[in-house]
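Structure file model15.txt with compact mmCIF, C-alpha atoms and all ligand atoms:
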# COMPACT_ATOMS: atom_id res chain seq x y z
CA MET R 1 -24.28 11.38 -18.02
CA ALA R 2 -20.88 11.83 -19.65
CA ALA R 3 -18.37 9.17 -18.72
CA ARG R 4 -15.65 10.14 -16.27
CA THR R 5 -12.18 9.72 -17.75
CA LEU R 6 -9.39 8.89 -15.35
CA ARG R 7 -5.87 9.53 -16.56
CA ILE R 8 -3.55 6.87 -15.23
CA GLY R 9 0.25 6.92 -15.32
CA LEU R 10 1.85 3.48 -15.65
CA ILE R 11 5.29 3.07 -14.12
CA PRO R 12 6.35 -0.58 -14.52
CA GLY R 13 9.89 -0.04 -13.16
CA ASP R 14 12.14 -3.11 -13.08
CA GLY R 15 11.93 -6.90 -12.91
CA ILE R 16 8.45 -8.35 -12.48
CA GLY R 17 7.08 -4.80 -12.32
CA ARG R 18 7.01 -5.07 -16.10
CA GLU R 19 5.01 -8.27 -15.94
CA VAL R 20 2.40 -7.19 -13.43
CA ILE R 21 1.68 -3.58 -14.43
CA PRO R 22 0.21 -4.65 -17.80
CA ALA R 23 -2.20 -6.80 -15.78
CA GLY R 24 -3.27 -3.66 -13.93
CA ARG R 25 -3.98 -1.90 -17.17
CA ARG R 26 -5.96 -4.84 -18.48
CA ILE R 27 -8.29 -4.99 -15.52
CA LEU R 28 -9.06 -1.29 -15.82
CA GLU R 29 -9.86 -1.76 -19.49
CA ALA R 30 -12.07 -4.72 -18.69
CA LEU R 31 -14.36 -2.90 -16.21
CA PRO R 32 -17.96 -2.96 -17.40
CA SER R 33 -19.23 0.05 -19.35
CA SER R 34 -22.15 0.35 -16.90
CA LEU R 35 -19.69 2.06 -14.53
CA ASN R 36 -19.47 4.92 -16.99
CA LEU R 37 -15.73 5.14 -16.52
CA LYS R 38 -13.02 5.59 -19.10
CA PHE R 39 -9.29 5.43 -18.76
CA SER R 40 -6.38 6.94 -20.62
CA PHE R 41 -2.90 5.63 -19.99
CA THR R 42 0.56 7.18 -20.11
CA ASP R 43 3.67 4.99 -19.87
CA LEU R 44 6.31 6.50 -17.63
CA ASP R 45 9.89 5.59 -16.81
CA ALA R 46 11.51 5.14 -13.43
CA GLY R 47 13.77 2.61 -11.75
CA PHE R 48 17.21 1.12 -11.81
CA GLU R 49 17.26 0.40 -15.51
CA THR R 50 16.18 3.96 -16.23
CA PHE R 51 19.03 5.05 -13.96
CA GLN R 52 21.54 2.93 -15.86
CA LYS R 53 20.37 4.37 -19.16
CA THR R 54 19.99 8.01 -18.18
CA GLY R 55 21.77 8.54 -14.86
CA ASN R 56 18.45 9.44 -13.23
CA ALA R 57 16.13 6.92 -11.55
CA LEU R 58 13.21 9.34 -11.59
CA PRO R 59 13.19 11.50 -14.74
CA GLU R 60 11.69 14.96 -14.32
CA LYS R 61 9.30 14.13 -17.15
CA THR R 62 7.77 11.33 -15.09
CA VAL R 63 7.17 13.64 -12.14
CA GLU R 64 5.79 16.47 -14.28
CA THR R 65 3.48 14.17 -16.24
CA LEU R 66 2.09 12.72 -13.03
CA LYS R 67 1.55 16.20 -11.60
CA GLN R 68 0.07 17.84 -14.69
CA GLU R 69 -1.61 15.09 -16.66
CA CYS R 70 -2.59 12.23 -14.36
CA ASP R 71 -5.29 11.55 -11.79
CA GLY R 72 -3.56 8.50 -10.39
CA ALA R 73 -0.85 5.98 -11.17
CA LEU R 74 0.30 2.40 -10.86
CA PHE R 75 3.84 1.67 -9.82
CA GLY R 76 5.39 -1.78 -10.32
CA ALA R 77 8.64 -2.31 -8.49
CA VAL R 78 12.20 -1.12 -8.68
CA SER R 79 15.39 -3.09 -8.12
CA SER R 80 17.49 -1.98 -5.24
CA PRO R 81 21.12 -2.91 -5.88
CA THR R 82 22.58 -4.72 -2.87
CA THR R 83 25.70 -2.61 -2.84
CA LYS R 84 25.35 1.14 -2.86
CA VAL R 85 25.51 2.61 -6.35
CA GLN R 86 26.76 6.18 -6.56
CA GLY R 87 23.92 8.55 -7.40
CA TYR R 88 21.11 6.00 -7.23
CA SER R 89 18.25 6.38 -4.81
CA SER R 90 14.79 4.86 -4.76
CA PRO R 91 12.42 6.65 -7.14
CA ILE R 92 9.29 5.72 -5.18
CA VAL R 93 10.66 7.36 -2.05
CA ALA R 94 11.39 10.50 -4.10
CA LEU R 95 7.95 10.37 -5.71
CA ARG R 96 6.22 10.23 -2.35
CA LYS R 97 8.07 13.42 -1.40
CA LYS R 98 7.53 15.26 -4.67
CA LEU R 99 3.81 14.54 -4.80
CA ASP R 100 3.36 14.83 -1.02
CA LEU R 101 1.91 11.34 -0.78
CA TYR R 102 1.82 11.43 2.97
CA ALA R 103 0.03 8.16 3.66
CA ASN R 104 0.98 4.60 2.92
CA VAL R 105 -2.12 2.48 3.03
CA ARG R 106 -1.91 -1.28 3.20
CA PRO R 107 -4.98 -3.48 3.44
CA VAL R 108 -4.41 -7.04 4.56
CA LYS R 109 -7.19 -9.50 3.98
CA SER R 110 -7.42 -13.25 4.21
CA VAL R 111 -9.50 -15.33 1.87
CA GLY R 112 -11.68 -18.16 3.15
CA ASN R 113 -11.03 -18.96 6.78
CA GLY R 114 -7.64 -17.31 6.81
CA ASP R 115 -4.38 -18.66 8.13
CA LYS R 116 -3.16 -18.40 11.69
CA GLY R 117 -5.53 -16.59 14.02
CA GLY R 118 -8.60 -16.76 11.79
CA LYS R 119 -9.92 -14.23 9.33
CA VAL R 120 -8.09 -10.99 8.71
CA ASP R 121 -9.57 -7.85 7.21
CA LEU R 122 -7.65 -4.82 8.30
CA VAL R 123 -5.84 -1.85 6.87
CA ILE R 124 -2.69 -0.20 8.13
CA VAL R 125 -2.42 3.54 7.60
CA ARG R 126 1.19 4.59 7.96
CA GLU R 127 2.39 8.18 8.16
CA ASN R 128 4.92 8.56 5.40
CA THR R 129 6.78 11.87 5.70
CA GLU R 130 8.45 12.16 9.08
CA ASP R 131 9.34 10.30 12.31
CA LEU R 132 12.80 8.68 12.17
CA TYR R 133 12.62 8.71 8.36
CA VAL R 134 13.59 12.37 8.21
CA LYS R 135 17.04 10.74 8.17
CA GLU R 136 18.75 13.39 10.24
CA GLU R 137 21.54 11.34 11.75
CA LYS R 138 24.95 12.11 13.11
CA THR R 139 27.87 10.22 14.55
CA TYR R 140 30.42 11.70 16.95
CA ASP R 141 33.08 10.63 19.37
CA GLY R 142 31.91 10.18 22.92
CA PRO R 143 34.07 9.55 25.98
CA ASN R 144 33.74 5.77 25.49
CA GLY R 145 33.73 5.50 21.70
CA LYS R 146 31.45 6.50 18.89
CA ILE R 147 27.89 7.62 19.43
CA ALA R 148 25.24 7.81 16.72
CA GLU R 149 22.00 9.74 16.98
CA ALA R 150 18.90 10.11 14.87
CA ILE R 151 16.11 12.65 15.04
CA LYS R 152 12.57 11.42 15.50
CA ARG R 153 10.35 14.26 14.33
CA ILE R 154 6.59 14.25 14.83
CA SER R 155 4.46 17.20 13.83
CA GLU R 156 0.92 18.09 14.74
CA ARG R 157 0.08 18.73 11.08
CA ALA R 158 1.27 15.35 9.81
CA SER R 159 -0.30 13.50 12.74
CA PHE R 160 -3.60 15.28 12.21
CA ARG R 161 -3.85 14.56 8.51
CA ILE R 162 -2.86 10.91 8.84
CA ALA R 163 -5.49 10.41 11.56
CA ASN R 164 -8.07 12.10 9.33
CA MET R 165 -7.09 9.74 6.54
CA ALA R 166 -7.60 6.79 8.88
CA GLY R 167 -11.01 8.18 9.85
CA GLU R 168 -12.04 8.58 6.22
CA ILE R 169 -10.88 5.05 5.41
CA ALA R 170 -12.84 3.65 8.36
CA LEU R 171 -15.99 5.45 7.17
CA ARG R 172 -15.49 4.22 3.63
CA ARG R 173 -15.05 0.64 4.75
CA GLN R 174 -18.28 0.98 6.69
CA ARG R 175 -20.08 2.36 3.60
CA VAL R 176 -18.84 -0.55 1.51
CA ARG R 177 -20.01 -3.03 4.16
CA LYS R 178 -23.45 -1.45 4.07
CA THR R 179 -23.69 -2.27 0.37
CA GLY R 180 -23.58 -5.91 1.40
CA ALA R 181 -19.89 -6.66 0.95
CA GLU R 182 -18.92 -9.53 3.19
CA SER R 183 -16.89 -8.56 6.25
CA ILE R 184 -15.89 -9.75 9.68
CA HIS R 185 -16.47 -6.28 11.15
CA GLN R 186 -19.75 -4.78 12.27
CA LYS R 187 -18.62 -1.40 13.51
CA PRO R 188 -15.79 0.82 12.25
CA LEU R 189 -12.81 0.91 14.60
CA VAL R 190 -9.58 2.92 14.43
CA THR R 191 -6.66 1.80 16.58
CA VAL R 192 -4.08 4.52 17.27
CA THR R 193 -0.63 3.00 17.78
CA HIS R 194 2.23 4.70 19.62
CA LYS R 195 4.74 4.38 22.43
CA SER R 196 3.86 7.46 24.41
CA ASN R 197 4.52 5.73 27.72
CA VAL R 198 8.23 6.04 26.84
CA LEU R 199 8.33 8.81 24.25
CA SER R 200 5.93 11.18 25.94
CA GLN R 201 6.70 14.16 23.70
CA THR R 202 7.00 12.72 20.19
CA ASP R 203 4.60 9.80 20.42
CA GLY R 204 2.67 11.78 22.98
CA LEU R 205 1.99 14.45 20.36
CA PHE R 206 1.03 11.83 17.80
CA ARG R 207 -1.37 10.19 20.22
CA GLU R 208 -3.00 13.36 21.40
CA THR R 209 -3.34 14.83 17.91
CA ALA R 210 -4.72 11.61 16.45
CA ARG R 211 -7.26 11.33 19.26
CA ASN R 212 -8.35 14.94 18.71
CA ALA R 213 -8.66 14.38 14.97
CA LEU R 214 -10.78 11.29 15.49
CA ALA R 215 -12.96 13.08 18.05
CA GLN R 216 -14.33 15.35 15.30
CA SER R 217 -18.05 15.00 14.82
CA GLN R 218 -17.82 13.44 11.35
CA TYR R 219 -16.17 10.43 13.00
CA ASN R 220 -18.82 9.98 15.69
CA SER R 221 -19.76 6.56 14.40
CA ILE R 222 -16.20 5.25 14.63
CA GLY R 223 -14.88 3.44 17.67
CA VAL R 224 -11.44 4.74 18.64
CA GLU R 225 -8.95 2.84 20.77
CA GLU R 226 -5.23 2.97 21.29
CA GLN R 227 -2.47 0.43 21.66
CA ILE R 228 1.13 0.70 22.70
CA VAL R 229 3.07 -0.59 19.72
CA ASP R 230 4.62 -3.64 21.39
CA SER R 231 1.29 -4.91 22.62
CA MET R 232 -0.12 -3.98 19.21
CA VAL R 233 2.26 -6.48 17.61
CA TYR R 234 1.35 -9.14 20.15
CA ASN R 235 -2.39 -8.66 19.71
CA LEU R 236 -2.15 -8.32 15.95
CA PHE R 237 -0.58 -11.76 15.74
CA ARG R 238 -2.83 -13.36 18.36
CA GLN R 239 -6.10 -11.96 17.17
CA PRO R 240 -5.85 -10.12 13.85
CA SER R 241 -9.62 -10.31 13.36
CA ALA R 242 -10.03 -7.70 16.11
CA TYR R 243 -8.60 -4.91 13.94
CA ASP R 244 -10.21 -2.75 11.31
CA VAL R 245 -8.05 0.35 10.71
CA ILE R 246 -4.67 0.82 12.41
CA VAL R 247 -2.98 4.22 12.24
CA ALA R 248 0.67 4.62 13.14
CA PRO R 249 3.68 6.90 12.82
CA ASN R 250 6.16 6.01 10.09
CA LEU R 251 8.48 3.48 11.76
CA TYR R 252 5.83 1.50 13.64
CA GLY R 253 3.67 1.55 10.53
CA ASP R 254 6.53 0.16 8.44
CA ILE R 255 7.07 -2.74 10.82
CA LEU R 256 3.38 -3.45 11.38
CA SER R 257 2.70 -3.46 7.62
CA ASP R 258 5.26 -6.13 6.86
CA GLY R 259 4.25 -8.15 9.90
CA ALA R 260 0.59 -8.01 8.97
CA ALA R 261 1.37 -9.08 5.40
CA ALA R 262 2.89 -12.26 6.82
CA LEU R 263 -0.53 -13.14 8.27
CA VAL R 264 -1.96 -13.83 4.83
CA GLY R 265 0.86 -15.63 3.06
CA SER R 266 2.50 -14.66 -0.20
CA LEU R 267 3.96 -11.22 -0.84
CA GLY R 268 2.35 -11.58 -4.24
CA LEU R 269 -1.07 -10.90 -2.67
CA VAL R 270 -0.58 -7.69 -0.75
CA PRO R 271 -1.38 -4.30 -2.29
CA SER R 272 -0.61 -0.80 -1.12
CA ALA R 273 -1.33 2.77 -2.06
CA ASN R 274 0.66 5.94 -1.61
CA VAL R 275 -1.91 8.63 -1.02
CA GLY R 276 -1.93 12.42 -0.79
CA ASP R 277 -4.69 14.97 -1.16
CA GLY R 278 -6.20 14.25 -4.56
CA PHE R 279 -3.65 11.76 -5.83
CA ALA R 280 -3.01 8.05 -5.32
CA ILE R 281 -0.41 5.62 -6.58
CA GLY R 282 -1.26 1.93 -6.37
CA GLU R 283 1.80 -0.22 -5.72
CA PRO R 284 2.11 -3.96 -5.02
CA CYS R 285 4.08 -4.53 -1.80
CA HIS R 286 6.54 -6.94 -3.33
CA GLY R 287 9.83 -5.95 -4.94
CA SER R 288 11.18 -6.63 -8.41
CA ALA R 289 11.72 -10.34 -7.59
CA PRO R 290 14.82 -10.89 -9.75
CA ASP R 291 14.70 -14.63 -8.98
CA ILE R 292 11.53 -15.13 -11.05
CA GLN R 293 11.81 -12.23 -13.47
CA GLY R 294 11.14 -12.98 -17.14
CA GLN R 295 9.49 -16.34 -16.48
CA GLY R 296 5.90 -15.15 -16.72
CA ILE R 297 4.96 -16.64 -13.36
CA ALA R 298 4.73 -13.54 -11.16
CA ASN R 299 1.55 -13.36 -9.12
CA PRO R 300 -0.49 -10.41 -10.43
CA ILE R 301 -2.97 -10.35 -7.51
CA ALA R 302 -1.11 -7.72 -5.45
CA THR R 303 -1.17 -5.43 -8.47
CA LEU R 304 -4.84 -6.07 -9.27
CA ARG R 305 -5.72 -5.26 -5.67
CA SER R 306 -3.55 -2.13 -5.85
CA VAL R 307 -5.62 -1.04 -8.84
CA GLY R 308 -8.73 -1.41 -6.67
CA LEU R 309 -7.10 0.59 -3.91
CA MET R 310 -6.11 3.39 -6.28
CA LEU R 311 -9.72 3.52 -7.50
CA GLU R 312 -11.02 3.80 -3.94
CA PHE R 313 -8.95 6.93 -3.46
CA LEU R 314 -10.17 8.30 -6.78
CA ALA R 315 -13.71 7.94 -5.39
CA GLU R 316 -14.61 4.96 -7.57
CA GLU R 317 -15.65 2.62 -4.79
CA LYS R 318 -17.97 0.59 -6.95
CA ALA R 319 -15.30 -0.23 -9.51
CA ALA R 320 -12.89 -1.06 -6.70
CA ALA R 321 -15.39 -3.42 -5.10
CA MET R 322 -15.86 -5.26 -8.40
CA ILE R 323 -12.13 -5.84 -8.69
CA TYR R 324 -11.83 -7.09 -5.11
CA LYS R 325 -14.72 -9.44 -5.62
CA ALA R 326 -13.25 -10.90 -8.80
CA VAL R 327 -9.87 -11.38 -7.09
CA ASP R 328 -11.45 -12.99 -4.02
CA GLY R 329 -13.40 -15.30 -6.32
CA ASN R 330 -10.20 -16.48 -7.96
CA LEU R 331 -8.50 -17.08 -4.59
CA GLU R 332 -11.49 -18.76 -2.97
CA GLU R 333 -11.90 -21.19 -5.82
CA GLY R 334 -8.16 -21.79 -5.74
CA LYS R 335 -7.89 -23.48 -9.11
CA VAL R 336 -5.95 -20.91 -11.11
CA LEU R 337 -3.10 -19.94 -8.81
CA SER R 338 0.47 -18.87 -9.50
CA PRO R 339 3.42 -20.96 -8.22
CA ASP R 340 4.01 -18.80 -5.10
CA MET R 341 0.49 -19.88 -4.02
CA GLY R 342 1.22 -23.52 -4.70
CA GLY R 343 -0.44 -23.47 -8.14
CA ARG R 344 0.86 -23.88 -11.65
CA ALA R 345 -0.80 -20.99 -13.49
CA ARG R 346 1.13 -18.34 -15.33
CA THR R 347 0.60 -14.62 -14.74
CA GLU R 348 -1.49 -14.42 -17.87
CA GLN R 349 -3.80 -17.26 -16.81
CA VAL R 350 -4.42 -15.75 -13.37
CA VAL R 351 -5.30 -12.44 -15.01
CA GLU R 352 -7.68 -14.18 -17.45
CA ASP R 353 -9.40 -16.00 -14.58
CA VAL R 354 -9.92 -12.76 -12.64
CA LEU R 355 -11.17 -10.89 -15.74
CA LYS R 356 -13.69 -13.65 -16.40
CA ARG R 357 -15.18 -12.99 -12.95
CA LEU R 358 -15.51 -9.23 -13.35
P1 LIG R 401 13.80 -6.21 -4.42
O1 LIG R 401 15.18 -5.85 -4.09
O2 LIG R 401 13.32 -5.60 -5.70
O3 LIG R 401 12.84 -6.01 -3.28
P2 LIG R 401 13.83 -8.98 -3.66
O4 LIG R 401 14.91 -9.92 -4.04
O5 LIG R 401 13.78 -8.47 -2.28
O6 LIG R 401 13.82 -7.78 -4.71
P3 LIG R 401 11.03 -9.36 -3.57
O7 LIG R 401 10.32 -8.89 -4.75
O8 LIG R 401 10.99 -8.52 -2.35
O9 LIG R 401 12.51 -9.69 -4.01
O10 LIG R 401 10.50 -10.81 -3.28
C1 LIG R 401 10.92 -11.67 -2.23
C2 LIG R 401 10.54 -13.09 -2.59
O11 LIG R 401 9.12 -13.18 -2.85
C3 LIG R 401 11.22 -13.57 -3.87
O12 LIG R 401 11.56 -14.92 -3.73
C4 LIG R 401 10.16 -13.42 -4.93
O13 LIG R 401 10.27 -14.33 -5.99
C5 LIG R 401 8.86 -13.61 -4.17
N1 LIG R 401 7.82 -12.78 -4.78
C6 LIG R 401 7.66 -11.44 -4.63
N2 LIG R 401 6.65 -10.97 -5.35
C7 LIG R 401 6.12 -12.02 -5.99
C8 LIG R 401 5.03 -12.17 -6.91
N3 LIG R 401 4.28 -11.13 -7.31
N4 LIG R 401 4.79 -13.40 -7.38
C9 LIG R 401 5.52 -14.45 -6.98
N5 LIG R 401 6.55 -14.38 -6.13
C10 LIG R 401 6.86 -13.18 -5.63
MG MG R 402 12.41 -7.01 -1.31

Entire entry expressed as structure tokens:
Amino acid sequence: MAARTLRIGLIPGDGIGREVIPAGRRILEALPSSLNLKFSFTDLDAGFETFQKTGNALPEKTVETLKQECDGALFGAVSSPTTKVQGYSSPIVALRKKLDLYANVRPVKSVGNGDKGGKVDLVIVRENTEDLYVKEEKTYDGPNGKIAEAIKRISERASFRIANMAGEIALRRQRVRKTGAESIHQKPLVTVTHKSNVLSQTDGLFRETARNALAQSQYNSIGVEEQIVDSMVYNLFRQPSAYDVIVAPNLYGDILSDGAAALVGSLGLVPSANVGDGFAIGEPCHGSAPDIQGQGIANPIATLRSVGLMLEFLAEEKAAAMIYKAVDGNLEEGKVLSPDMGGRARTEQVVEDVLKRL
């Protein structure tokens, strides 16, 4: 059979993005030939430095190349200046819009016995196009001073497709478990998160639509439950092992994702993917980390896991599983760890150790 070639755009961005994205490329190149997979790479610009050079944080060429010539991409990190810079806005936010990457997917997994609350192996599926993030705000003078308002917009279409995505992810996780991958879960479970007891129309629509989506026959094998977002936070922190896939509207998903990441320690471990229909961008959850930039000590694990995640969405589950296994092996042994994990290894050494385990 002819090898499948995946065309991958590489967008290092700023700061440690430039130190971790090369690690992502290396692990793709190191996958065994038995997978019958080939990769071609295109380096693409975006970020604050690109903005300073060209006046545009997301060059049109980057967007067009991703659209026309890539199957997926890896995105490092971009610096966000602390004071507002005229004309600058986050390129990843713009990319999500331009490529209609409507889901932000963030798996959170502990290694060994986990930290607080035992083992964690869950994934948060966050709607990424609407809710309060439509940014339609206004301020006006009321009888007792200023009043500010924001629109929270929830559509049936966006709620339906994000719930479908959660269903597909739950099925895939179950498939992977059946191949013998170690897991704390026996049965797939999707938890729909909302606040429809207060916001009966907006969150009510999300809830109802998500439940309808997950009631489709292809999801028969999935358990579906729901949680009001405040109790979701409480239960997530008390008993994270109880959750498999959590689906949420944009704002709750944002908060739950960061909270869940705290369950497993360093930011340098947590991957994410921005996913649309037929395209996925893997992106480590951390930022550009200016405090450690240029020292060669950034933890590459979040990026390596993001590579695995991108591959899952490009239907290369086997390759993804190999990467996760190699990463878990490195963490479980705990000998070659970067400084944020309490170790002394440099980025390069962590990458070498993971590659050795592939
Ligand atoms: P940005 O504005 O780009 O988000 P930041 O100052 O918020 O930058 P983050 O990247 O969000 O920095 O990181 C927060 C903290 O976590 C920093 O102290 C950083 O050094 C650390 N950190 C983040 N990612 C990593 C990593 N991959 N390896 C080691 N430490 C990391
Ligand atoms: Mg940050």

Item to check | Point-to-point distance from atom CA of R:Ala315 to atom CA of R:Arg173, Å rounded to tenths | outcome: 12.6 Å

Please identify all polymer residues within 7 Å of R:Asp340, counting only C-alpha atoms, omitting same-chain residues fewer than 2 positions from it, and present them as an mmCIF file with C-alpha atoms, keeping the file's coordinate frame.
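Once everything was written out, this is part.cif:
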data_model
loop_
_atom_site.group_PDB
_atom_site.id
_atom_site.type_symbol
_atom_site.label_atom_id
_atom_site.label_comp_id
_atom_site.auth_asym_id
_atom_site.auth_seq_id
_atom_site.Cartn_x
_atom_site.Cartn_y
_atom_site.Cartn_z
ATOM 1 C CA SER R 266 2.500 -14.660 -0.200
ATOM 2 C CA SER R 338 0.470 -18.870 -9.500
ATOM 3 C CA GLY R 342 1.220 -23.520 -4.700
#

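Distances to ligand MG 402 (chain R) were evaluated for R:Pro91, R:Pro339, R:Pro290, R:Gly308 using only C-alpha atoms and all ligand atoms, and the minimum falls at R:Pro290.
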
With all atoms listed in the file counted and 10 Å as the cut-off, give the residues of chain R in contact with ligand MG 402 (chain R), each with its shortest interatomic distance in Å and the pair that gives it, as a Markdown table.
| residue | atom | partner | partner_atom | distance |
| --- | --- | --- | --- | --- |
| R:Ala77 | CA | R:MG402 | MG | 9.4 |
| R:Val78 | CA | R:MG402 | MG | 9.4 |
| R:Ser79 | CA | R:MG402 | MG | 8.4 |
| R:Ser80 | CA | R:MG402 | MG | 8.2 |
| R:Leu267 | CA | R:MG402 | MG | 9.5 |
| R:Cys285 | CA | R:MG402 | MG | 8.7 |
| R:His286 | CA | R:MG402 | MG | 6.2 |
| R:Gly287 | CA | R:MG402 | MG | 4.6 |
| R:Ser288 | CA | R:MG402 | MG | 7.2 |
| R:Ala289 | CA | R:MG402 | MG | 7.1 |
| R:Pro290 | CA | R:MG402 | MG | 9.6 |

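Restricting the calculation to all atoms listed in the file, the smallest distance between R:Thr62 and any of R:Asn250, R:Ser217, R:Asn299, R:Thr42 is found for R:Thr42.
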
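Relative to atom CA of R:Asn330, atom CA of R:Ile292 is found at 22.0 Å.
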
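Distances here use all atoms listed in the file; by that measure, the residue among R:Thr303, R:Asn56, R:Gln218, R:Gln227 closest to ligand LIG 401 (chain R) is R:Thr303.
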
Checklist entry - Which value, in Å to one decimal, gives the distance between atom CA of R:Lys356 and atom CA of R:Ser33? => result 15.1 Å

Checklist entry - Using only C-alpha atoms and all ligand atoms, which of the listed residues (R:Gly47, R:Pro81, R:Gly294, R:Pro143) sits closest to ligand LIG 401 (chain R)? => result R:Pro81

Checklist outcome for this item: For R:Arg177, the closest of R:Ser257, R:Ala321, R:Lys61, R:Asn212 counting all atoms listed in the file is R:Ala321

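For the choices R:Val224, R:Val327, R:Leu122, R:Ile297, the atom-to-atom distance to R:Pro240 is smallest for R:Leu122 when using only C-alpha atoms.
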
Next on the checklist: From (-0.4, 11.9, 13.2), in the file's coordinates, out to 12 Å: which residues are reached, counting all atoms listed in the file? Answer as a PyMOL selection string.
Outcome noted: chain R and resi 102-103+125-131+153-167+192-194+202-214+246-250+253

Write out as a PDB file with C-alpha atoms, in the coordinates of the input each polymer residue whose atoms come within 9 Å of R:Phe313, counting only C-alpha atoms; drop sequence neighbours fewer than 5 positions from it.
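Contents of result-v5.pdb, freshly written:
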ATOM      1  CA  GLY R  72      -3.560   8.500 -10.390  1.00  0.00           C
ATOM      2  CA  ALA R 273      -1.330   2.770  -2.060  1.00  0.00           C
ATOM      3  CA  VAL R 275      -1.910   8.630  -1.020  1.00  0.00           C
ATOM      4  CA  GLY R 278      -6.200  14.250  -4.560  1.00  0.00           C
ATOM      5  CA  PHE R 279      -3.650  11.760  -5.830  1.00  0.00           C
ATOM      6  CA  ALA R 280      -3.010   8.050  -5.320  1.00  0.00           C
ATOM      7  CA  GLY R 308      -8.730  -1.410  -6.670  1.00  0.00           C
TER       8      GLY R 308
END

Checklist entry - If we count only C-alpha atoms, what is near R:Phe41 at a cut-off of 10 Å, once residues fewer than 2 positions away on the same chain are taken out, given as a list in words? => result Leu6, Arg7, Ile8, Gly9, Leu10, Arg25, Phe39, Asp43, Leu44, Cys70 and Ala73 of chain R

Next on the checklist: With only C-alpha atoms as the counted atoms, please give the residues lying no more than 12 Å from R:Thr5, apart from itself and same-chain residues fewer than 3 positions off, as a list in words.
Outcome noted: Ala2, Ile8, Leu28, Glu29, Leu35, Asn36, Leu37, Lys38, Phe39, Ser40, Phe41, Glu69, Cys70, Asp71, Gly72, Leu314 and Glu316 of chain R

Next on the checklist: So that I can see what lies close to R:Gly334, please list as a list in words the residues with an atom at most 12 Å from it, counting all atoms listed in the file and leaving out residues fewer than 6 positions away in the same chain.
Outcome noted: Val111, Gly112, Val327, Asp328, Met341, Gly342, Gly343, Arg344, Ala345, Val350, Asp353 and Val354 of chain R
